[in-house]
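A quick write-up on the structure given underneath.
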Amino acid sequence: MYTDKVMDHFQNPRNVGEIENANGVGEVGNAVCGDIMKIYLQVEDNRIVDVKFKTFGCGAAIATSSMVTEMVKGKTLEEALEITNQAVAEALDGLPPQKMHCSNLAADALHKAIQDYRSKLAG
Amino acid sequence: MYTDKVMDHFQNPRNVGEIENANGVGEVGNAVCGDIMKIYLQVEDNRIVDVKFKTFGCGAAIATSSMVTEMVKGKTLEEALEITNQAVAEALDGLPPQKMHCSNLAADALHKAIQDYRSKLAG
Amino acid sequence: MKRIYLDHAATTPVDPEVLEAMLPYYVESFGNPSSIHSFGRETRKALDQARATVAKEIGAAEPSEIIFTGSGSESDNMAIKGVALSYREKGDHIITSAIEHHAVFDTCKFLEKQGFKVTYLPVNGEGLVNPADLKQALTDKTILVTIMHANNEVGTIQPIAEIAKILKERKILFHTDAVQTTGSIPVDVHELGVDLLSLAAHKFYGPKGVGVLYARKGIRLTPVIHGGAQERNRRAGTENIAGIVGLAKALELANQKLPETSKSLTELRDYLIDNVLQKFEYVRLNGHRTRRLPGNANFSFEFIEGESLLLNLDLKGIAASSGSACTSGSLEPSHVLLGMGICHEIAHGSLRLTLGKSTTKEEIDYVLEVLPEIVNKLRAMSPLYNN
Amino acid sequence: MKRIYLDHAATTPVDPEVLEAMLPYYVESFGNPSSIHSFGRETRKALDQARATVAKEIGAAEPSEIIFTGSGSESDNMAIKGVALSYREKGDHIITSAIEHHAVFDTCKFLEKQGFKVTYLPVNGEGLVNPADLKQALTDKTILVTIMHANNEVGTIQPIAEIAKILKERKILFHTDAVQTTGSIPVDVHELGVDLLSLAAHKFYGPKGVGVLYARKGIRLTPVIHGGAQERNRRAGTENIAGIVGLAKALELANQKLPETSKSLTELRDYLIDNVLQKFEYVRLNGHRTRRLPGNANFSFEFIEGESLLLNLDLKGIAASSGSACTSGSLEPSHVLLGMGICHEIAHGSLRLTLGKSTTKEEIDYVLEVLPEIVNKLRAMSPLYNN
Ligand SMILES: Cc1ncc(COP(=O)(O)O)c(C=O)c1O
Ligand SMILES: Cc1ncc(COP(=O)(O)O)c(C=O)c1O
Ligand code: FES
Ligand code: FES
């Protein structure tokens, strides 16, 4: 059902955990739906220098979380915001159709975390 | 589906044919229904001395025709009229439920032939 | 006694190669394809492959257009009820023919009770539907036409592609019951131009208890069997993997050998037909002389009734069937023969001999040898026969 | 890697003895049981025998009360739709429970669209229906009650006989879905007091694609599959002889070994449950502690989601399942757990381990060994877990 890449990220998720003093945090989903993703960013000079995640969800949810953290590390915020749900799924060699909703969450969580960082910066 | 007795009478039907100068003839059924039985009687001194049949119909129709002719041969008309559909079926060790309508025909044909004889006698 | 099987239209034996393909899916590879664990993924893969094979074999555009069912009858029910209930707001009129299999006929009768209107198109003496009749029967409310590809009793093959053209213009859904044709003559949904098509494995050397409904992408189908999400929510129930694998394998094999089998069966059938028509008085061939299934021969022997003919043949080791409904417990003769305008008396005396890939000329010769004495014996016993 | 199968509630492998009983009915003995020739009589005999066996095994009064179908889902559909459509003039109200299998649940939803009224009885935290609730729900218009014998997810066994008594007094038809119980605990239609009962072969080491609907004599059933006269006009389609023979054989074998299997499974299950409840924090057993299927254990591990648990177990060779609906492509968690009042978060984290006759203590020990590291790993990754 899942590609090898998905299974790899599911089994060995990259960047699991929290960042104590993260300056951007994004959470999406809820327990009713069965998926919650939380992404922690450490942004320096407009660049994501560290990123971690915590996820409650299915195999696809975990793999997309892991993949998105890999994809953004070292990127500028503008570059990171260009990462689409589709791009995450493609980076994993695809997801089962009924699971595409999970890959949406990973990009959403990232974008929310960036928003959070920017709003803090602005505030 | 059929008992051995039915198959025996079907394969080796007794008393097939016509009686040239039958003094009682009974026919029942029609081609629409798929069964036609014709019974020929030779009655002497109120006793059936000869009987023959012709039947267009299924295995059960042929077997019951054959059986009823065997059952009535030598019987008085009163005895013959006592032969019921049930009795014919029983003499054949039973018929499949959906075929019981055929055993009805055999007794009916016999009774009609007797009627025919009597009405000729009366007329 | 050597037994001769000439009832291939009723059912066929499973090809040993088909059984072999099925065997791994009973004891060893048994997972539920809906399960995500390795046991389930194994059978899911087999299921996907079988679906792809069937799609390819019947010319479907996508595997998802293949719905596995439990029988040809279920496929017919699902096509007709499924469309009727899903498109009711569009219309309530269905058109079919007078000589459909009971799985179609009784389903239409049922829908009539539910308030649908059904037109039963007449057929000619050879069992053919006239496309002009169909055109006339169409109304604004027509949502579905269901006409069988070939008839199971008399073997007549309908002008499906021609009918499809008429319906395509008007955007009316078209279902064909291809239970008798699949594996016997080419069945390609694209070439036939149909939207829905039924088939059953046991008619082409596959297992009993498994069928397919092809439904073109985008067609809404209210399920006949509600429940789990199997078959994309169109047919609930844990998949009969072994059966499905068997169906796909059997279809593949049948189509591979089709050109060859069809040619030799047609020859053998014609030999049988020609000889019977020559040998007997008061006999007629039912169905079209040439536009018929390769293996089908259907005769009416006047003055005698079908079941007694069958029983006598059986005593000689020959397995055949009849249109006579007595055999199935009802008193009606075949609605197919009556629908073709054949009178009751003659309809009752029909004999269907359906040849299969194992049928030999020797077997046919044996039939031709024993048939006369049986027919003569029964005629001699018949009150209808006066010679 | 050695694989451990703990998903017997999803399906079971065919018992080799069952397969052996089926094998003659593919290649050699293949006739259509409706045919009157010797090929047909052969399979008709097998069909009659299988029917008699099933009748005896479930305590039916007569073989004719046994209807062979294509699946447990079809049996459920047929019972409910069959009664609903046949008794509509008597009433339009059906009662069921909130935790039925989708084959019952979705059928009821469908009938609601057709104008029927359905009451979904609540269950308590352990999954039990309260007969008092049923009594209250009954109306003059109630024509059918359908309550499952035991639940497929949590294994809770319902008080069927008690409910039957209430309904018998009022002459309301009672159907039970015994798909999970047949072969696992005693199933006797007389003792249960039901009028209709569904079962499926593949849940008790028989083949997939064949089920039974028991319908007490005299009950009218509008067919779900219309067509030929098979199964006394109640279910059309050429009979799946091999499957039917397999079902009968499997049922016979399962019932023979039932007392023994049930005892050893219960012990093993309790060992598993006791150990899991002891070993973990934030875990709960779903379903009733004792009134449950011998082989069923269902846990909720808080803070983690079912599918990721299953995938990790699968990577360790353990085949299990979950109430998590993500696995089947829908986003809803199990309606069964929600129906029992369990909150979404916890419902998502359920793990069902269902033991079968081949399950060993070593296998359970292995599960107990690998489960902690998996649960810990997933919890460490979960935003809901803060320790
Ligand atoms: C309680 C219950 N009812 C019905 C079914 C449906 O059975 P099947 O999938 O064989 O149609 C199942 C199993 O899936 C079940 O567990
Ligand atoms: C034309 C046709 N349609 C439908 C069916 C029904 O198939 P099944 O008996 O496999 O359900 C048959 C065969 O019996 C058939 O010949
Ligand atoms: S967690 Fe629901 S689909 Fe992935
Ligand atoms: S001839 Fe019709 S049932 Fe016997």
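We name chains A, B, ... following the order of the structure tokens; residues begin at 1 in each chain, and ligands are numbered from 1 as shown.
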
Could you write out as a PyMOL selection string the residues of chain D within 12 Å of chain B, counting only C-alpha atoms? chain D and resi 33-38+40-45+48+232

Dump N, CA, C and O atoms for the selected residues as a compact mmCIF listing (two decimals), in the first residue's frame?
# COMPACT_ATOMS: atom_id res chain seq x y z
N PRO D 33 -26.59 -28.01 -10.44
CA PRO D 33 -27.56 -28.79 -9.66
C PRO D 33 -29.00 -28.66 -10.16
O PRO D 33 -29.84 -29.45 -9.78
N SER D 34 -29.28 -27.68 -11.01
CA SER D 34 -30.63 -27.58 -11.55
C SER D 34 -30.82 -28.49 -12.76
O SER D 34 -31.95 -28.65 -13.23
N SER D 35 -29.74 -29.07 -13.27
CA SER D 35 -29.86 -29.94 -14.44
C SER D 35 -30.35 -31.31 -14.01
O SER D 35 -29.98 -31.79 -12.94
N ILE D 36 -31.17 -31.95 -14.86
CA ILE D 36 -31.72 -33.23 -14.42
C ILE D 36 -30.82 -34.40 -14.79
O ILE D 36 -31.04 -35.51 -14.35
N HIS D 37 -29.78 -34.16 -15.58
CA HIS D 37 -28.91 -35.27 -15.97
C HIS D 37 -27.98 -35.68 -14.84
O HIS D 37 -27.95 -35.05 -13.78
N SER D 38 -27.21 -36.74 -15.09
CA SER D 38 -26.41 -37.33 -14.01
C SER D 38 -25.40 -36.33 -13.43
O SER D 38 -25.16 -36.33 -12.22
N GLY D 40 -25.79 -33.18 -13.08
CA GLY D 40 -26.55 -32.29 -12.20
C GLY D 40 -27.02 -32.99 -10.94
O GLY D 40 -27.01 -32.42 -9.86
N ARG D 41 -27.42 -34.26 -11.09
CA ARG D 41 -27.92 -34.99 -9.92
C ARG D 41 -26.82 -35.20 -8.88
O ARG D 41 -27.06 -35.17 -7.69
N GLU D 42 -25.62 -35.38 -9.40
CA GLU D 42 -24.45 -35.55 -8.52
C GLU D 42 -24.27 -34.34 -7.60
O GLU D 42 -24.11 -34.46 -6.40
N THR D 43 -24.28 -33.15 -8.21
CA THR D 43 -24.05 -31.96 -7.40
C THR D 43 -25.29 -31.60 -6.61
O THR D 43 -25.20 -31.05 -5.52
N ARG D 44 -26.47 -31.93 -7.11
CA ARG D 44 -27.71 -31.70 -6.36
C ARG D 44 -27.63 -32.48 -5.03
O ARG D 44 -28.01 -31.97 -3.98
N LYS D 45 -27.10 -33.68 -5.12
CA LYS D 45 -26.97 -34.52 -3.93
C LYS D 45 -26.02 -33.85 -2.92
O LYS D 45 -26.31 -33.77 -1.73
N ASP D 48 -27.81 -30.94 -1.37
CA ASP D 48 -28.80 -31.36 -0.38
C ASP D 48 -28.13 -31.79 0.92
O ASP D 48 -28.60 -31.48 2.01
N ARG D 232 -35.14 -22.31 -3.65
CA ARG D 232 -36.61 -22.14 -3.56
C ARG D 232 -37.05 -20.72 -3.87
O ARG D 232 -37.81 -20.11 -3.11

From a DSSP pass on the backbone, collect the residues of segment 50-136 of chain D flagged as strand (DSSP E or B) and hand them back as JSON, numbers by chain. {"D": [66, 67, 68, 69, 93, 94, 95, 96, 97, 117, 118, 119, 120, 121, 123, 129]}

Writer output for current selection, N, CA and C atoms, as a JSON list (two decimals), in the first residue's frame:
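out11.json written:
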[["chain", "number", "residue", "atom", "x", "y", "z"],
["D", 66, "ILE", "N", -32.50, -23.31, 5.24],
["D", 66, "ILE", "CA", -31.13, -22.86, 4.98],
["D", 66, "ILE", "C", -31.05, -22.29, 3.57],
["D", 67, "ILE", "N", -30.65, -21.04, 3.45],
["D", 67, "ILE", "CA", -30.47, -20.42, 2.14],
["D", 67, "ILE", "C", -28.99, -20.13, 1.96],
["D", 68, "PHE", "N", -28.39, -20.67, 0.93],
["D", 68, "PHE", "CA", -26.98, -20.38, 0.67],
["D", 68, "PHE", "C", -26.85, -19.06, -0.08],
["D", 69, "THR", "N", -25.93, -18.24, 0.37],
["D", 69, "THR", "CA", -25.71, -16.93, -0.23],
["D", 69, "THR", "C", -24.22, -16.79, -0.60],
["D", 93, "HIS", "N", -41.26, -0.11, 10.52],
["D", 93, "HIS", "CA", -40.29, 0.22, 11.56],
["D", 93, "HIS", "C", -39.35, -0.96, 11.84],
["D", 94, "ILE", "N", -38.06, -0.64, 11.87],
["D", 94, "ILE", "CA", -37.03, -1.65, 12.11],
["D", 94, "ILE", "C", -36.20, -1.18, 13.29],
["D", 95, "ILE", "N", -35.79, -2.13, 14.12],
["D", 95, "ILE", "CA", -34.93, -1.77, 15.25],
["D", 95, "ILE", "C", -33.60, -2.51, 15.12],
["D", 96, "THR", "N", -32.52, -1.80, 15.35],
["D", 96, "THR", "CA", -31.20, -2.43, 15.32],
["D", 96, "THR", "C", -30.37, -1.80, 16.44],
["D", 97, "SER", "N", -29.09, -2.08, 16.47],
["D", 97, "SER", "CA", -28.26, -1.47, 17.51],
["D", 97, "SER", "C", -27.29, -0.49, 16.87],
["D", 117, "LYS", "N", -38.51, 3.44, 8.81],
["D", 117, "LYS", "CA", -38.01, 4.11, 10.01],
["D", 117, "LYS", "C", -37.14, 3.13, 10.77],
["D", 118, "VAL", "N", -35.98, 3.59, 11.20],
["D", 118, "VAL", "CA", -35.06, 2.69, 11.90],
["D", 118, "VAL", "C", -34.67, 3.29, 13.25],
["D", 119, "THR", "N", -34.75, 2.49, 14.29],
["D", 119, "THR", "CA", -34.26, 2.89, 15.60],
["D", 119, "THR", "C", -32.92, 2.20, 15.84],
["D", 120, "TYR", "N", -31.92, 3.00, 16.20],
["D", 120, "TYR", "CA", -30.59, 2.45, 16.50],
["D", 120, "TYR", "C", -30.44, 2.43, 18.02],
["D", 121, "LEU", "N", -30.59, 1.27, 18.62],
["D", 121, "LEU", "CA", -30.52, 1.18, 20.08],
["D", 121, "LEU", "C", -29.11, 1.50, 20.57],
["D", 123, "VAL", "N", -25.85, 1.29, 23.15],
["D", 123, "VAL", "CA", -25.24, 0.21, 23.93],
["D", 123, "VAL", "C", -24.52, 0.85, 25.11],
["D", 129, "VAL", "N", -26.41, -4.21, 24.51],
["D", 129, "VAL", "CA", -27.75, -3.65, 24.32],
["D", 129, "VAL", "C", -28.55, -3.95, 25.58]]

Expected answer as a PyMOL selection string: chain C residues within 6 Å of chain D, only C-alpha atoms: chain C and resi 11+13-14+26-27+30+32+37+70+73-74+102-103+106-107+208-209+225-228+237+240+314+319

Next, dump the selected residues to file, keeping only N, CA and C atoms, as an mmCIF file, in the first residue's frame.
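Produced file result_7.cif, reproduced below:
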data_model
loop_
_atom_site.group_PDB
_atom_site.id
_atom_site.type_symbol
_atom_site.label_atom_id
_atom_site.label_comp_id
_atom_site.auth_asym_id
_atom_site.auth_seq_id
_atom_site.Cartn_x
_atom_site.Cartn_y
_atom_site.Cartn_z
ATOM 1 N N THR C 11 -23.322 -25.019 -17.371
ATOM 2 C CA THR C 11 -22.093 -24.757 -16.619
ATOM 3 C C THR C 11 -20.977 -25.594 -17.224
ATOM 4 N N PRO C 13 -16.906 -27.464 -16.483
ATOM 5 C CA PRO C 13 -15.962 -27.871 -15.439
ATOM 6 C C PRO C 13 -14.855 -26.826 -15.321
ATOM 7 N N VAL C 14 -14.273 -26.744 -14.151
ATOM 8 C CA VAL C 14 -13.144 -25.834 -13.988
ATOM 9 C C VAL C 14 -11.931 -26.434 -14.703
ATOM 10 N N TYR C 26 -6.440 -20.555 -0.693
ATOM 11 C CA TYR C 26 -7.316 -21.154 0.318
ATOM 12 C C TYR C 26 -6.577 -21.284 1.655
ATOM 13 N N VAL C 27 -5.543 -22.102 1.631
ATOM 14 C CA VAL C 27 -4.885 -22.440 2.897
ATOM 15 C C VAL C 27 -3.733 -21.488 3.204
ATOM 16 N N PHE C 30 -4.392 -16.317 2.480
ATOM 17 C CA PHE C 30 -5.811 -16.275 2.822
ATOM 18 C C PHE C 30 -6.262 -14.939 3.407
ATOM 19 N N ASN C 32 -7.480 -11.178 4.390
ATOM 20 C CA ASN C 32 -8.579 -10.341 3.922
ATOM 21 C C ASN C 32 -7.962 -9.137 3.206
ATOM 22 N N HIS C 37 -2.108 -5.546 6.963
ATOM 23 C CA HIS C 37 -0.915 -6.355 7.258
ATOM 24 C C HIS C 37 -0.502 -7.201 6.049
ATOM 25 N N GLY C 70 -20.921 -12.142 -6.941
ATOM 26 C CA GLY C 70 -21.027 -13.552 -6.583
ATOM 27 C C GLY C 70 -21.640 -14.432 -7.666
ATOM 28 N N SER C 73 -26.061 -13.733 -12.112
ATOM 29 C CA SER C 73 -27.358 -13.199 -11.689
ATOM 30 C C SER C 73 -27.177 -11.937 -10.858
ATOM 31 N N GLU C 74 -26.227 -11.972 -9.943
ATOM 32 C CA GLU C 74 -26.002 -10.784 -9.120
ATOM 33 C C GLU C 74 -25.561 -9.616 -9.993
ATOM 34 N N HIS C 102 -33.779 -15.115 -16.744
ATOM 35 C CA HIS C 102 -34.611 -14.743 -15.593
ATOM 36 C C HIS C 102 -33.938 -13.734 -14.660
ATOM 37 N N ALA C 103 -32.621 -13.733 -14.640
ATOM 38 C CA ALA C 103 -31.933 -12.776 -13.766
ATOM 39 C C ALA C 103 -32.220 -11.338 -14.194
ATOM 40 N N ASP C 106 -36.789 -11.262 -14.211
ATOM 41 C CA ASP C 106 -37.415 -11.164 -12.885
ATOM 42 C C ASP C 106 -37.026 -9.871 -12.176
ATOM 43 N N THR C 107 -35.836 -9.381 -12.455
ATOM 44 C CA THR C 107 -35.422 -8.103 -11.874
ATOM 45 C C THR C 107 -36.304 -6.986 -12.432
ATOM 46 N N LYS C 208 -17.703 -21.662 -10.031
ATOM 47 C CA LYS C 208 -19.041 -21.147 -9.737
ATOM 48 C C LYS C 208 -18.943 -20.163 -8.569
ATOM 49 N N GLY C 209 -19.910 -19.272 -8.491
ATOM 50 C CA GLY C 209 -19.960 -18.372 -7.334
ATOM 51 C C GLY C 209 -19.148 -17.107 -7.497
ATOM 52 N N ILE C 225 -25.894 -5.146 -2.580
ATOM 53 C CA ILE C 225 -25.430 -5.636 -1.280
ATOM 54 C C ILE C 225 -24.714 -4.498 -0.572
ATOM 55 N N HIS C 226 -25.361 -3.948 0.427
ATOM 56 C CA HIS C 226 -24.800 -2.835 1.191
ATOM 57 C C HIS C 226 -23.875 -3.350 2.289
ATOM 58 N N GLY C 227 -22.937 -2.511 2.700
ATOM 59 C CA GLY C 227 -22.065 -2.888 3.814
ATOM 60 C C GLY C 227 -20.695 -2.287 3.669
ATOM 61 N N GLY C 228 -19.669 -3.112 3.792
ATOM 62 C CA GLY C 228 -18.281 -2.664 3.777
ATOM 63 C C GLY C 228 -17.916 -1.924 2.491
ATOM 64 N N GLY C 237 -18.793 -7.065 1.104
ATOM 65 C CA GLY C 237 -18.513 -8.471 1.397
ATOM 66 C C GLY C 237 -17.060 -8.799 1.172
ATOM 67 N N ASN C 240 -14.010 -12.908 -2.489
ATOM 68 C CA ASN C 240 -13.762 -14.320 -2.760
ATOM 69 C C ASN C 240 -12.495 -14.428 -3.622
ATOM 70 N N ASP C 314 -30.133 -39.183 -20.914
ATOM 71 C CA ASP C 314 -29.315 -39.395 -19.722
ATOM 72 C C ASP C 314 -29.070 -40.884 -19.489
ATOM 73 N N ALA C 319 -25.690 -35.931 -21.403
ATOM 74 C CA ALA C 319 -26.220 -34.851 -20.571
ATOM 75 C C ALA C 319 -26.618 -33.691 -21.463
#

Long-range neighbours of Asp365 of chain D as a ChimeraX atom specification, 10 Å cut-off, only C-alpha atoms, 6 positions minimum in chain: /D:271-272,275,371

Which parts of chain B does DSSP call helix (DSSP H, G or I) when run on the backbone here, written out as a PyMOL selection string? chain B and resi 4-11+59-72+77-81+85-91+97-122

Can you tell me which residues sit at most 12 Å away from ligand 3, counting only C-alpha atoms and all ligand atoms, written as a PyMOL selection string? (chain A and resi 2+10+28-37+55-65+95-106) or (chain D and resi 304-309+324-333+345+348-349)

To one decimal in Å, tell me the separation between atom CA of Cys343 of chain D and atom CA of Lys377 of chain D.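 These atoms are spaced 22.8 Å apart.
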
What lies within 8 Å of Ile114 of chain A using only C-alpha atoms, ignoring chain neighbours under 6 positions off, as an MDAnalysis selection string? chainID A and resid 24:26 41 77 81

Segment 161-176 of chain D surroundings by only C-alpha atoms, 9 Å radius, close-in-sequence under 3 positions cut, as a ChimeraX atom specification: /D:76,79-80,83,130-131,134-135,142-149,158,179,191-198,215,219

Would you export the selected residues with N, CA and C atoms as a compact mmCIF listing (two decimals), in the first residue's frame, please?
# COMPACT_ATOMS: atom_id res chain seq x y z
N ASP D 76 -27.02 -10.75 5.49
CA ASP D 76 -27.57 -9.63 6.26
C ASP D 76 -28.51 -8.79 5.40
N ALA D 79 -31.77 -10.72 4.74
CA ALA D 79 -32.65 -10.83 5.90
C ALA D 79 -33.42 -9.52 6.08
N ILE D 80 -32.69 -8.42 6.04
CA ILE D 80 -33.29 -7.14 6.40
C ILE D 80 -34.15 -6.59 5.26
N VAL D 83 -37.20 -9.04 4.54
CA VAL D 83 -38.34 -8.89 5.45
C VAL D 83 -38.99 -7.52 5.24
N ASN D 130 -29.40 -3.02 25.97
CA ASN D 130 -30.26 -3.25 27.12
C ASN D 130 -31.66 -3.65 26.64
N PRO D 131 -32.09 -4.89 26.96
CA PRO D 131 -33.40 -5.34 26.49
C PRO D 131 -34.53 -4.38 26.88
N LEU D 134 -34.92 -1.93 24.21
CA LEU D 134 -35.61 -2.52 23.07
C LEU D 134 -37.11 -2.49 23.29
N LYS D 135 -37.53 -2.90 24.46
CA LYS D 135 -38.95 -2.93 24.78
C LYS D 135 -39.58 -1.56 24.55
N THR D 142 -43.45 -2.01 14.22
CA THR D 142 -42.17 -2.70 14.18
C THR D 142 -42.34 -4.06 13.51
N ILE D 143 -41.60 -4.27 12.42
CA ILE D 143 -41.71 -5.55 11.72
C ILE D 143 -40.47 -6.41 11.90
N LEU D 144 -39.36 -5.80 12.28
CA LEU D 144 -38.11 -6.56 12.36
C LEU D 144 -37.17 -5.93 13.38
N VAL D 145 -36.52 -6.82 14.13
CA VAL D 145 -35.42 -6.39 14.99
C VAL D 145 -34.19 -7.14 14.54
N THR D 146 -33.09 -6.44 14.36
CA THR D 146 -31.84 -7.10 13.98
C THR D 146 -30.73 -6.65 14.92
N ILE D 147 -30.24 -7.60 15.69
CA ILE D 147 -29.18 -7.32 16.68
C ILE D 147 -28.12 -8.40 16.50
N MET D 148 -26.87 -8.00 16.41
CA MET D 148 -25.83 -8.98 16.16
C MET D 148 -25.60 -9.88 17.36
N HIS D 149 -25.19 -11.11 17.09
CA HIS D 149 -24.93 -12.06 18.16
C HIS D 149 -23.69 -11.63 18.94
N GLN D 158 -24.19 -10.37 22.78
CA GLN D 158 -25.46 -9.77 23.18
C GLN D 158 -26.41 -10.80 23.81
N VAL D 179 -22.28 -13.85 12.21
CA VAL D 179 -21.09 -14.06 11.39
C VAL D 179 -19.84 -14.24 12.28
N GLU D 191 -32.30 -22.38 20.37
CA GLU D 191 -31.94 -21.85 21.70
C GLU D 191 -31.85 -20.33 21.70
N LEU D 192 -31.36 -19.77 20.60
CA LEU D 192 -31.31 -18.32 20.53
C LEU D 192 -32.71 -17.73 20.36
N GLY D 193 -33.56 -18.51 19.75
CA GLY D 193 -34.94 -18.04 19.56
C GLY D 193 -35.10 -17.03 18.43
N VAL D 194 -34.20 -17.10 17.45
CA VAL D 194 -34.27 -16.13 16.35
C VAL D 194 -35.03 -16.70 15.15
N ASP D 195 -35.51 -15.80 14.31
CA ASP D 195 -36.24 -16.19 13.10
C ASP D 195 -35.32 -16.21 11.89
N LEU D 196 -34.31 -15.37 11.95
CA LEU D 196 -33.35 -15.29 10.84
C LEU D 196 -31.95 -15.16 11.42
N LEU D 197 -30.98 -15.73 10.74
CA LEU D 197 -29.61 -15.70 11.24
C LEU D 197 -28.63 -15.76 10.07
N SER D 198 -27.59 -14.91 10.13
CA SER D 198 -26.58 -14.86 9.07
C SER D 198 -25.28 -15.48 9.55
N ALA D 215 -33.65 -18.87 7.58
CA ALA D 215 -34.93 -18.17 7.67
C ALA D 215 -35.99 -19.20 8.07
N ILE D 219 -41.47 -17.68 6.70
CA ILE D 219 -41.13 -16.25 6.58
C ILE D 219 -41.02 -15.89 5.11
